[in-house]
>>> print(open('work_11.tsv').read())   # TSV, C-alpha atoms
chain	number	residue	atom	x	y	z
A	1239	MET	CA	18.09	-66.24	30.29
A	1240	GLN	CA	19.91	-63.16	31.52
A	1241	ASP	CA	22.05	-63.12	28.36
A	1242	CYS	CA	18.94	-63.36	26.20
A	1243	LYS	CA	17.36	-60.41	28.03
A	1244	MET	CA	20.54	-58.37	27.60
A	1245	ILE	CA	20.61	-59.14	23.87
A	1246	LYS	CA	17.00	-57.91	23.53
A	1247	ILE	CA	17.87	-54.68	25.34
A	1248	LEU	CA	20.89	-54.13	23.10
A	1249	CYS	CA	18.85	-54.84	19.97
A	1250	THR	CA	16.16	-52.39	21.09
A	1251	PHE	CA	18.79	-49.73	21.79
A	1252	PHE	CA	20.44	-50.34	18.41
A	1253	LEU	CA	17.09	-50.09	16.61
A	1254	PHE	CA	16.28	-46.85	18.42
A	1255	PHE	CA	19.69	-45.42	17.54
A	1256	LEU	CA	19.27	-46.47	13.90
A	1257	ILE	CA	15.84	-44.88	13.59
A	1258	CYS	CA	16.90	-41.66	15.32
A	1259	GLY	CA	20.09	-41.49	13.32
A	1260	CYS	CA	18.08	-41.51	10.09
A	1261	HIS	CA	15.79	-38.69	11.14
A	1262	ASN	CA	16.33	-35.07	11.95
A	1263	ILE	CA	15.55	-35.24	15.67
A	1264	ASP	CA	17.39	-32.08	16.78
A	1265	ASN	CA	15.74	-29.66	14.33
A	1266	ARG	CA	18.82	-29.34	12.17
A	1267	LEU	CA	18.29	-28.67	8.47
A	1268	LEU	CA	19.72	-31.42	6.30
A	1269	LEU	CA	21.09	-30.62	2.86
A	1270	ILE	CA	21.64	-33.83	0.96
A	1271	LYS	CA	23.37	-34.16	-2.39
A	1272	ALA	CA	20.65	-35.17	-4.83
A	1273	ASP	CA	20.37	-36.25	-8.45
A	1274	ILE	CA	18.43	-34.16	-10.93
A	1275	GLY	CA	16.02	-36.30	-12.92
A	1276	LYS	CA	15.13	-35.73	-16.56
A	1277	GLU	CA	11.55	-34.88	-15.63
A	1278	ASP	CA	12.50	-32.60	-12.73
A	1279	GLU	CA	11.92	-28.87	-13.10
A	1280	LEU	CA	14.19	-26.28	-11.51
A	1281	ASP	CA	12.84	-22.83	-10.75
A	1282	THR	CA	15.50	-20.32	-9.66
A	1283	LEU	CA	14.27	-18.23	-6.72
A	1284	GLU	CA	17.46	-16.35	-5.85
A	1285	SER	CA	20.86	-16.16	-7.56
A	1286	TYR	CA	24.23	-15.18	-6.16
A	1287	THR	CA	25.98	-15.08	-9.52
A	1288	ALA	CA	29.41	-14.03	-8.26
A	1289	ARG	CA	29.52	-17.16	-6.09
A	1290	ASP	CA	27.69	-19.43	-8.55
A	1291	LEU	CA	25.12	-20.28	-5.87
A	1292	HIS	CA	21.41	-20.44	-6.58
A	1293	ILE	CA	18.45	-21.13	-4.32
A	1294	VAL	CA	16.00	-23.18	-6.36
A	1295	GLN	CA	12.65	-24.87	-6.10
A	1296	VAL	CA	12.69	-28.42	-7.44
A	1297	VAL	CA	9.48	-29.83	-8.89
A	1298	ARG	CA	9.61	-33.63	-9.02
A	1299	HIS	CA	6.98	-35.40	-11.13
A	1300	SER	CA	5.93	-38.91	-10.17
A	1301	GLY	CA	3.28	-39.62	-12.81
A	1302	PHE	CA	-0.52	-39.24	-12.93
A	1303	ASP	CA	-0.11	-35.49	-12.41
A	1304	ASP	CA	1.46	-36.07	-8.99
A	1305	PHE	CA	4.38	-33.89	-8.05
A	1306	SER	CA	6.32	-32.72	-5.01
A	1307	LEU	CA	8.08	-29.44	-4.25
A	1308	HIS	CA	11.49	-29.12	-2.63
A	1309	TYR	CA	13.95	-26.31	-1.98
A	1310	GLY	CA	17.63	-26.68	-2.72
A	1311	VAL	CA	20.93	-24.96	-3.42
A	1312	LEU	CA	22.40	-25.34	-6.90
A	1313	THR	CA	26.01	-24.79	-7.95
A	1314	HIS	CA	28.55	-26.08	-10.46
A	1315	SER	CA	31.94	-27.75	-10.19
A	1316	GLY	CA	34.15	-29.34	-12.84
A	1317	GLY	CA	31.50	-28.93	-15.52
A	1318	ARG	CA	28.87	-30.64	-13.36
A	1319	THR	CA	25.65	-29.29	-11.92
A	1320	ILE	CA	25.39	-30.06	-8.21
A	1321	LEU	CA	22.18	-29.89	-6.20
A	1322	TYR	CA	21.90	-29.99	-2.41
A	1323	GLU	CA	18.27	-30.58	-1.51
A	1324	MET	CA	16.90	-29.22	1.77
A	1325	ILE	CA	15.25	-31.68	4.12
A	1326	GLY	CA	13.90	-30.28	7.38
A	1327	THR	CA	12.02	-31.90	10.22
A	1328	GLY	CA	9.33	-32.98	7.78
A	1329	LYS	CA	6.45	-31.52	9.79
A	1330	TYR	CA	6.24	-27.99	8.44
A	1331	GLY	CA	6.42	-26.03	5.21
A	1332	LYS	CA	9.45	-23.93	4.33
A	1333	ARG	CA	9.47	-20.21	3.64
A	1334	ILE	CA	12.32	-18.12	2.26
A	1335	SER	CA	12.87	-14.60	3.55
A	1336	LYS	CA	15.63	-12.00	3.30
A	1337	GLU	CA	17.69	-13.51	6.13
A	1338	PHE	CA	16.34	-17.00	6.70
A	1339	ILE	CA	14.96	-20.20	5.31
A	1340	ALA	CA	12.34	-21.06	7.90
A	1341	GLU	CA	9.91	-23.81	8.79
A	1342	VAL	CA	6.52	-22.33	9.61
A	1343	GLU	CA	3.41	-23.84	11.11
A	1344	PRO	CA	0.65	-21.96	9.24
A	1345	TYR	CA	2.18	-22.80	5.84
A	1346	GLY	CA	0.03	-21.59	2.96
A	1347	LYS	CA	-1.26	-18.71	5.04
A	1348	THR	CA	-0.02	-15.13	4.78
A	1349	ASN	CA	1.43	-14.83	8.27
A	1350	TRP	CA	3.59	-11.72	7.82
A	1351	GLY	CA	2.80	-8.04	7.45
A	1352	TRP	CA	0.68	-5.74	9.61
A	1353	PHE	CA	-1.50	-6.91	12.49
A	1354	SER	CA	-3.76	-5.21	14.99
A	1355	VAL	CA	-4.02	-6.74	18.46
A	1356	LYS	CA	-6.98	-5.98	20.71
A	1357	ASN	CA	-7.33	-7.51	24.16
A	1358	GLY	CA	-4.66	-10.07	23.34
A	1359	LYS	CA	-6.32	-11.26	20.11
A	1360	LEU	CA	-5.53	-10.58	16.45
A	1361	SER	CA	-8.11	-8.30	14.86
A	1362	ASP	CA	-9.44	-8.75	11.32
A	1363	THR	CA	-8.93	-5.08	10.45
A	1364	LEU	CA	-6.22	-2.45	10.78
A	1365	PRO	CA	-7.02	1.00	12.17
A	1366	GLY	CA	-7.82	3.38	9.33
A	1367	MET	CA	-7.49	0.74	6.61
A	1368	SER	CA	-11.09	1.10	5.44
A	1369	LYS	CA	-10.54	4.82	4.89
A	1370	ILE	CA	-7.28	4.15	3.02
A	1371	LEU	CA	-8.98	1.66	0.70
A	1372	LEU	CA	-11.93	3.98	0.05
A	1373	GLY	CA	-9.49	6.72	-0.95
A	1374	LEU	CA	-7.64	4.39	-3.30
A	1375	GLU	CA	-10.91	3.21	-4.86
A	1376	SER	CA	-12.00	6.79	-5.50
A	1377	GLU	CA	-8.72	7.48	-7.31
A	1378	ASN	CA	-8.91	4.25	-9.29
A	1379	SER	CA	-9.53	5.47	-12.84
A	1380	LYS	CA	-8.07	2.42	-14.64
A	1381	GLY	CA	-10.50	-0.10	-13.22
A	1382	GLU	CA	-7.84	-1.97	-11.26
A	1383	PHE	CA	-8.86	-4.64	-8.79
A	1384	ILE	CA	-7.55	-3.74	-5.32
A	1385	LYS	CA	-6.86	-6.42	-2.73
A	1386	GLU	CA	-5.47	-5.97	0.78
A	1387	THR	CA	-3.87	-8.70	2.88
A	1388	ASN	CA	-2.25	-7.93	6.23
A	1389	GLY	CA	-1.60	-4.33	5.21
A	1390	TYR	CA	-0.15	-5.17	1.78
A	1391	ILE	CA	-2.26	-3.55	-0.93
A	1392	ASN	CA	-2.03	-4.92	-4.48
A	1393	PHE	CA	-3.49	-3.45	-7.66
A	1394	TYR	CA	-4.39	-5.99	-10.37
A	1395	LEU	CA	-5.19	-5.35	-14.01
A	1396	ASN	CA	-6.03	-8.23	-16.34
A	1397	GLY	CA	-4.88	-10.66	-13.66
A	1398	LYS	CA	-1.42	-9.10	-13.27
A	1399	THR	CA	-0.04	-7.02	-10.43
A	1400	VAL	CA	0.58	-3.50	-11.71
A	1401	LYS	CA	1.22	-1.67	-8.45
A	1402	GLU	CA	1.80	-2.38	-4.76
A	1403	THR	CA	1.57	-0.25	-1.67
A	1404	ASN	CA	1.72	-0.82	2.04
A	1405	TYR	CA	-0.20	0.22	5.15
A	1406	GLY	CA	3.08	1.57	6.47
A	1407	ASP	CA	3.22	4.07	3.60
A	1408	TYR	CA	0.24	5.82	5.20
A	1409	VAL	CA	1.04	5.54	8.92
A	1410	ILE	CA	4.85	5.80	9.06
A	1411	LYS	CA	6.53	9.18	8.97
A	1412	ASP	CA	9.73	7.83	7.40
A	1413	SER	CA	8.55	7.35	3.82
A	1414	ALA	CA	11.94	5.92	2.79
A	1415	LEU	CA	11.55	2.85	5.00
A	1416	ASN	CA	11.85	-0.38	3.01
A	1417	PHE	CA	9.59	-2.95	4.65
A	1418	SER	CA	10.88	-5.87	2.57
A	1419	SER	CA	14.46	-5.38	3.78
A	1420	MET	CA	13.76	-4.97	7.48
A	1421	LYS	CA	15.50	-7.28	9.92
A	1422	TYR	CA	13.31	-10.07	11.23
A	1423	GLY	CA	11.56	-9.40	14.51
A	1424	LEU	CA	8.39	-7.88	15.95
A	1425	TYR	CA	7.86	-4.14	15.50
A	1426	LYS	CA	5.25	-1.95	17.13
A	1427	LEU	CA	3.76	1.18	15.61
A	1428	TYR	CA	4.43	4.03	18.01
A	1429	LYS	CA	3.81	7.71	17.19
A	1430	GLY	CA	4.38	7.31	13.48
A	1431	SER	CA	7.45	5.10	13.71
A	1432	LEU	CA	8.29	1.44	14.24
A	1433	LYS	CA	9.95	0.22	17.41
A	1434	LEU	CA	11.51	-3.25	17.73
A	1435	VAL	CA	9.73	-5.01	20.62
A	1436	GLY	CA	10.59	-8.67	19.99
A	1437	LYS	CA	13.17	-10.84	18.27
A	1438	ASN	CA	10.59	-13.30	17.00
A	1439	GLY	CA	7.29	-12.81	15.21
A	1440	ASN	CA	5.71	-15.28	17.63
A	1441	ASP	CA	6.08	-12.62	20.33
A	1442	ILE	CA	2.96	-10.95	18.96
A	1443	PHE	CA	0.86	-13.46	20.88
A	1444	LYS	CA	2.29	-12.06	24.12
A	1445	LYS	CA	1.02	-8.55	23.36
A	1446	LYS	CA	-2.29	-7.16	24.59
A	1447	ASP	CA	-2.90	-4.15	22.34
A	1448	GLY	CA	-1.33	-2.24	19.49
A	1449	VAL	CA	-0.49	-2.32	15.80
A	1450	PHE	CA	2.49	-4.48	14.86
A	1451	PHE	CA	4.59	-5.28	11.83
A	1452	ILE	CA	6.31	-8.64	11.24
A	1453	PRO	CA	8.66	-9.12	8.25
A	1454	GLN	CA	8.90	-12.52	6.61
A	1455	PRO	CA	9.00	-15.34	7.59
A	1456	GLY	CA	6.29	-14.00	9.90
A	1457	TYR	CA	4.78	-15.58	12.98
A	1458	GLY	CA	4.39	-19.31	13.57
A	1459	VAL	CA	8.07	-19.90	12.90
A	1460	ILE	CA	9.17	-23.28	14.26
A	1461	ASN	CA	12.79	-23.29	13.08
A	1462	LYS	CA	14.79	-20.74	11.15
A	1463	TYR	CA	18.14	-21.24	9.46
A	1464	ARG	CA	20.35	-18.34	8.43
A	1465	LYS	CA	20.54	-18.23	4.67
A	1466	SER	CA	24.14	-17.01	4.59
A	1467	GLN	CA	25.23	-20.01	6.68
A	1468	ILE	CA	23.51	-22.41	4.27
A	1469	LEU	CA	25.19	-20.84	1.24
A	1470	ASP	CA	28.61	-20.79	2.93
A	1471	ALA	CA	28.27	-24.46	3.87
A	1472	VAL	CA	27.44	-25.53	0.31
A	1473	ASP	CA	30.20	-23.34	-1.10
A	1474	SER	CA	32.73	-24.92	1.26
A	1475	ALA	CA	31.50	-28.46	0.64
A	1476	VAL	CA	31.84	-28.16	-3.13
A	1477	HIS	CA	34.70	-25.78	-3.79
A	1478	LEU	CA	36.96	-25.89	-0.75
A	1479	GLY	CA	37.38	-29.60	-0.19
A	1480	GLU	CA	36.00	-33.04	-0.87
A	1481	GLU	CA	32.33	-32.95	-1.77
A	1482	GLN	CA	30.11	-33.96	1.12
A	1483	LYS	CA	26.96	-36.01	0.64
A	1484	LYS	CA	25.24	-34.44	3.65
A	1485	ILE	CA	25.42	-31.01	5.25
A	1486	TRP	CA	23.77	-30.16	8.58
A	1487	ILE	CA	22.72	-26.64	9.55
A	1488	LYS	CA	21.73	-25.80	13.12
A	1489	PRO	CA	18.64	-23.61	13.68
A	1490	GLU	CA	19.08	-20.10	15.01
A	1491	ASN	CA	17.38	-19.15	18.25
>>> encode(input="work_11.tsv", output="structure tokens")
Amino acid sequence: MQDCKMIKILCTFFLFFLICGCHNIDNRLLLIKADIGKEDELDTLESYTARDLHIVQVVRHSGFDDFSLHYGVLTHSGGRTILYEMIGTGKYGKRISKEFIAEVEPYGKTNWGWFSVKNGKLSDTLPGMSKILLGLESENSKGEFIKETNGYINFYLNGKTVKETNYGDYVIKDSALNFSSMKYGLYKLYKGSLKLVGKNGNDIFKKKDGVFFIPQPGYGVINKYRKSQILDAVDSAVHLGEEQKKIWIKPEN
């Protein structure tokens, strides 16, 4: 009887270990060597030509107009095309930014850009934005459609973006500041300049008042993985040794 009980305990432990071993329980990003099907579509998002490394979006069709989207890293070796597909925790959508590939909670929502906080809550409007938009409308002689989202102002003509501007272009003294290349973190607008006040965009929910800027991947970030580390790992796995079927990347705090 005791032996039977011990066997059940061991079987339960083994089953638990097997299940956990097959899932990403420690928030690591899994890159798994994957086949490219005849019906699969590859959309190149970023290319590092000198290294023959490409971040791609894979569209897999499964019939009846069903499809799934995946990110991956593509490279070549010995005349072969090699794809490492990214598999995260499975709970969140992925977003690619200048520094990171991140898993974010409000996926599908524009969660980066400019935000105004009043009494600890995000406001729907930015100070002075209405006046900025009125001025742009009055100068709009080409009949462009103007849309603003989180301080990013886009001009559309015949359904295509013809011009972009930014709330920061009107409130920041340093006109040469490139908002798309800023290091990830939380920035506060202070006397016409931006001051880094947090390492993570989620820190905005700790603030009581002010105007803040968050580069991509924005707030709501659950896990973020440094892009350079991902590319280096694939490069090493393919070109510097025996090809690995799986690559694990730890999240960055």
>>> atom_distance(input="work_11.tsv", atom1="CA of Glu1402 (chain A)", atom2="CA of Glu1382 (chain A)")
11.6 Å
>>> residues_around(input="work_11.tsv", residues="Gly1389 (chain A)", least_positions_apart="3", cutoff="6 Å", atoms="all atoms listed in the file", output="PyMOL selection string")
chain A and resi 1352+1404-1405
>>> closest_residue(input="work_11.tsv", among="A:Asp1362, A:Glu1377, A:Glu1343, A:Glu1279", to="Tyr1330 (chain A)", atoms="all atoms listed in the file")
A:Glu1343
>>> closest_residue(input="work_11.tsv", among="A:Lys1446, A:Lys1332, A:Tyr1457, A:Asn1388", to="Asn1357 (chain A)", atoms="all atoms listed in the file")
A:Lys1446
>>> atom_distance(input="work_11.tsv", atom1="CA of Arg1266 (chain A)", atom2="CA of Tyr1425 (chain A)")
27.7 Å
>>> atom_distance(input="work_11.tsv", atom1="CA of Ser1431 (chain A)", atom2="CA of Lys1356 (chain A)")
19.5 Å
>>> closest_atom_pairs(input="work_11.tsv", of="region 1328-1437 of chain A", to="region 1281-1297 of chain A", cutoff="12 Å", atoms="all atoms listed in the file", output="JSON lines")
{"residue": "A:Lys1332", "atom": "CA", "partner": "A:Gln1295", "partner_atom": "CA", "distance": 11.0}
{"residue": "A:Arg1333", "atom": "CA", "partner": "A:Gln1295", "partner_atom": "CA", "distance": 11.3}
{"residue": "A:Ile1334", "atom": "CA", "partner": "A:Leu1283", "partner_atom": "CA", "distance": 9.2}
{"residue": "A:Ser1335", "atom": "CA", "partner": "A:Glu1284", "partner_atom": "CA", "distance": 10.6}
{"residue": "A:Lys1336", "atom": "CA", "partner": "A:Glu1284", "partner_atom": "CA", "distance": 10.3}
{"residue": "A:Phe1338", "atom": "CA", "partner": "A:Ile1293", "partner_atom": "CA", "distance": 12.0}
{"residue": "A:Ile1339", "atom": "CA", "partner": "A:Ile1293", "partner_atom": "CA", "distance": 10.3}
>>> closest_residue(input="work_11.tsv", among="A:Asn1416, A:Lys1385, A:Phe1393, A:Tyr1322", to="Ser1368 (chain A)", atoms="all atoms listed in the file")
A:Lys1385
>>> closest_residue(input="work_11.tsv", among="A:Gly1397, A:Gly1423, A:Gly1436, A:Gly1331", to="Gln1454 (chain A)", atoms="all atoms listed in the file")
A:Gly1423
>>> closest_residue(input="work_11.tsv", among="A:Asp1447, A:Glu1277, A:Glu1386, A:Asp1303", to="Ser1354 (chain A)", atoms="only C-alpha atoms")
A:Asp1447
>>> closest_residue(input="work_11.tsv", among="A:Leu1374, A:Gly1351, A:Ser1466, A:Met1420", to="Ile1452 (chain A)", atoms="all atoms listed in the file")
A:Gly1351
>>> residues_near_point(input="work_11.tsv", point="(10.6, -21.5, 12.0)", cutoff="6 Å", atoms="all atoms listed in the file", output="list of chain:residue names")
A:Ala1340, A:Glu1341, A:Val1342, A:Val1459, A:Ile1460, A:Asn1461, A:Lys1462
>>> residues_around(input="work_11.tsv", residues="Ile1487 (chain A)", least_positions_apart="3", cutoff="12 Å", atoms="all atoms listed in the file", output="NGL selection string")
:A and (1262 or 1264-1270 or 1324-1327 or 1338-1340 or 1461-1472 or 1484 or 1490)
>>> closest_atom_pairs(input="work_11.tsv", of="region 1289-1383 of chain A", to="region 1271-1275 of chain A", cutoff="9 Å", atoms="all atoms listed in the file", output="tab-separated table")
residue	atom	partner	partner_atom	distance
A:Val1296	CA	A:Ile1274	CA	8.8
A:Arg1298	CA	A:Gly1275	CA	8.0
A:Thr1319	CA	A:Ile1274	CA	8.8
A:Ile1320	CA	A:Lys1271	CA	7.4
A:Leu1321	CA	A:Ala1272	CA	5.7
A:Tyr1322	CA	A:Lys1271	CA	4.4
A:Glu1323	CA	A:Ala1272	CA	6.1
>>> write_last_selection(input="work_11.tsv", atoms="C-alpha atoms", output="compact mmCIF listing (two decimals), keeping the file's coordinate frame")
# COMPACT_ATOMS: atom_id res chain seq x y z
CA VAL A 1296 12.69 -28.42 -7.44
CA ARG A 1298 9.61 -33.63 -9.02
CA THR A 1319 25.65 -29.29 -11.92
CA ILE A 1320 25.39 -30.06 -8.21
CA LEU A 1321 22.18 -29.89 -6.20
CA TYR A 1322 21.90 -29.99 -2.41
CA GLU A 1323 18.27 -30.58 -1.51
>>> build_atoms(input="work_11.tsv", residues="region 1308-1319 of chain A", atoms="all heavy atoms", output="PDB file, in the coordinates of the input")
ATOM      1  N   HIS A1308      10.369 -29.120  -3.548  1.00  0.00           N
ATOM      2  CA  HIS A1308      11.490 -29.120  -2.630  1.00  0.00           C
ATOM      3  C   HIS A1308      12.339 -27.877  -2.874  1.00  0.00           C
ATOM      4  O   HIS A1308      12.414 -27.386  -4.008  1.00  0.00           O
ATOM      5  CB  HIS A1308      12.367 -30.373  -2.817  1.00  0.00           C
ATOM      6  CG  HIS A1308      11.600 -31.659  -2.830  1.00  0.00           C
ATOM      7  ND1 HIS A1308      11.390 -32.416  -1.697  1.00  0.00           N
ATOM      8  CD2 HIS A1308      10.973 -32.305  -3.835  1.00  0.00           C
ATOM      9  CE1 HIS A1308      10.672 -33.477  -2.012  1.00  0.00           C
ATOM     10  NE2 HIS A1308      10.407 -33.442  -3.302  1.00  0.00           N
ATOM     11  N   TYR A1309      12.977 -27.384  -1.826  1.00  0.00           N
ATOM     12  CA  TYR A1309      13.950 -26.310  -1.980  1.00  0.00           C
ATOM     13  C   TYR A1309      15.352 -26.913  -2.013  1.00  0.00           C
ATOM     14  O   TYR A1309      15.608 -27.977  -1.436  1.00  0.00           O
ATOM     15  CB  TYR A1309      13.850 -25.310  -0.825  1.00  0.00           C
ATOM     16  CG  TYR A1309      12.634 -24.428  -0.877  1.00  0.00           C
ATOM     17  CD1 TYR A1309      11.754 -24.354   0.211  1.00  0.00           C
ATOM     18  CD2 TYR A1309      12.347 -23.657  -1.994  1.00  0.00           C
ATOM     19  CE1 TYR A1309      10.631 -23.544   0.176  1.00  0.00           C
ATOM     20  CE2 TYR A1309      11.232 -22.847  -2.042  1.00  0.00           C
ATOM     21  CZ  TYR A1309      10.374 -22.795  -0.960  1.00  0.00           C
ATOM     22  OH  TYR A1309       9.267 -21.994  -0.996  1.00  0.00           O
ATOM     23  N   GLY A1310      16.264 -26.202  -2.673  1.00  0.00           N
ATOM     24  CA  GLY A1310      17.630 -26.680  -2.720  1.00  0.00           C
ATOM     25  C   GLY A1310      18.592 -25.566  -3.086  1.00  0.00           C
ATOM     26  O   GLY A1310      18.187 -24.445  -3.409  1.00  0.00           O
ATOM     27  N   VAL A1311      19.876 -25.880  -3.017  1.00  0.00           N
ATOM     28  CA  VAL A1311      20.930 -24.960  -3.420  1.00  0.00           C
ATOM     29  C   VAL A1311      21.673 -25.595  -4.589  1.00  0.00           C
ATOM     30  O   VAL A1311      22.140 -26.737  -4.490  1.00  0.00           O
ATOM     31  CB  VAL A1311      21.906 -24.647  -2.274  1.00  0.00           C
ATOM     32  CG1 VAL A1311      23.013 -23.710  -2.759  1.00  0.00           C
ATOM     33  CG2 VAL A1311      21.164 -24.026  -1.089  1.00  0.00           C
ATOM     34  N   LEU A1312      21.775 -24.847  -5.685  1.00  0.00           N
ATOM     35  CA  LEU A1312      22.400 -25.340  -6.900  1.00  0.00           C
ATOM     36  C   LEU A1312      23.730 -24.630  -7.137  1.00  0.00           C
ATOM     37  O   LEU A1312      23.843 -23.429  -6.916  1.00  0.00           O
ATOM     38  CB  LEU A1312      21.469 -25.090  -8.093  1.00  0.00           C
ATOM     39  CG  LEU A1312      21.824 -25.758  -9.412  1.00  0.00           C
ATOM     40  CD1 LEU A1312      21.265 -27.170  -9.434  1.00  0.00           C
ATOM     41  CD2 LEU A1312      21.234 -24.964 -10.579  1.00  0.00           C
ATOM     42  N   THR A1313      24.716 -25.379  -7.593  1.00  0.00           N
ATOM     43  CA  THR A1313      26.010 -24.790  -7.950  1.00  0.00           C
ATOM     44  C   THR A1313      26.656 -25.679  -9.007  1.00  0.00           C
ATOM     45  O   THR A1313      26.070 -26.673  -9.444  1.00  0.00           O
ATOM     46  CB  THR A1313      26.916 -24.626  -6.715  1.00  0.00           C
ATOM     47  OG1 THR A1313      28.084 -23.890  -7.081  1.00  0.00           O
ATOM     48  CG2 THR A1313      27.327 -25.973  -6.150  1.00  0.00           C
ATOM     49  N   HIS A1314      27.857 -25.325  -9.427  1.00  0.00           N
ATOM     50  CA  HIS A1314      28.550 -26.080 -10.460  1.00  0.00           C
ATOM     51  C   HIS A1314      29.999 -26.309 -10.041  1.00  0.00           C
ATOM     52  O   HIS A1314      30.597 -25.485  -9.352  1.00  0.00           O
ATOM     53  CB  HIS A1314      28.521 -25.344 -11.807  1.00  0.00           C
ATOM     54  CG  HIS A1314      27.148 -25.046 -12.293  1.00  0.00           C
ATOM     55  ND1 HIS A1314      26.433 -23.916 -11.888  1.00  0.00           N
ATOM     56  CD2 HIS A1314      26.326 -25.742 -13.134  1.00  0.00           C
ATOM     57  CE1 HIS A1314      25.244 -23.922 -12.477  1.00  0.00           C
ATOM     58  NE2 HIS A1314      25.159 -25.013 -13.235  1.00  0.00           N
ATOM     59  N   SER A1315      30.539 -27.433 -10.477  1.00  0.00           N
ATOM     60  CA  SER A1315      31.940 -27.750 -10.190  1.00  0.00           C
ATOM     61  C   SER A1315      32.439 -28.751 -11.218  1.00  0.00           C
ATOM     62  O   SER A1315      31.796 -29.779 -11.445  1.00  0.00           O
ATOM     63  CB  SER A1315      32.074 -28.334  -8.773  1.00  0.00           C
ATOM     64  OG  SER A1315      33.416 -28.705  -8.507  1.00  0.00           O
ATOM     65  N   GLY A1316      33.566 -28.424 -11.870  1.00  0.00           N
ATOM     66  CA  GLY A1316      34.150 -29.340 -12.840  1.00  0.00           C
ATOM     67  C   GLY A1316      33.224 -29.669 -13.993  1.00  0.00           C
ATOM     68  O   GLY A1316      33.224 -30.809 -14.478  1.00  0.00           O
ATOM     69  N   GLY A1317      32.423 -28.697 -14.422  1.00  0.00           N
ATOM     70  CA  GLY A1317      31.500 -28.930 -15.520  1.00  0.00           C
ATOM     71  C   GLY A1317      30.241 -29.673 -15.133  1.00  0.00           C
ATOM     72  O   GLY A1317      29.425 -30.019 -15.995  1.00  0.00           O
ATOM     73  N   ARG A1318      30.050 -29.917 -13.846  1.00  0.00           N
ATOM     74  CA  ARG A1318      28.870 -30.640 -13.360  1.00  0.00           C
ATOM     75  C   ARG A1318      27.931 -29.709 -12.614  1.00  0.00           C
ATOM     76  O   ARG A1318      28.370 -28.753 -11.980  1.00  0.00           O
ATOM     77  CB  ARG A1318      29.286 -31.790 -12.428  1.00  0.00           C
ATOM     78  CG  ARG A1318      30.126 -32.876 -13.090  1.00  0.00           C
ATOM     79  CD  ARG A1318      30.638 -33.860 -12.042  1.00  0.00           C
ATOM     80  NE  ARG A1318      31.460 -33.210 -11.042  1.00  0.00           N
ATOM     81  CZ  ARG A1318      31.288 -33.315  -9.740  1.00  0.00           C
ATOM     82  NH1 ARG A1318      30.286 -34.028  -9.254  1.00  0.00           N
ATOM     83  NH2 ARG A1318      32.089 -32.706  -8.898  1.00  0.00           N
ATOM     84  N   THR A1319      26.650 -30.005 -12.705  1.00  0.00           N
ATOM     85  CA  THR A1319      25.650 -29.290 -11.920  1.00  0.00           C
ATOM     86  C   THR A1319      25.401 -30.075 -10.639  1.00  0.00           C
ATOM     87  O   THR A1319      25.114 -31.275 -10.683  1.00  0.00           O
ATOM     88  CB  THR A1319      24.330 -29.152 -12.706  1.00  0.00           C
ATOM     89  OG1 THR A1319      24.572 -28.400 -13.891  1.00  0.00           O
ATOM     90  CG2 THR A1319      23.282 -28.425 -11.863  1.00  0.00           C
TER      91      THR A1319
END
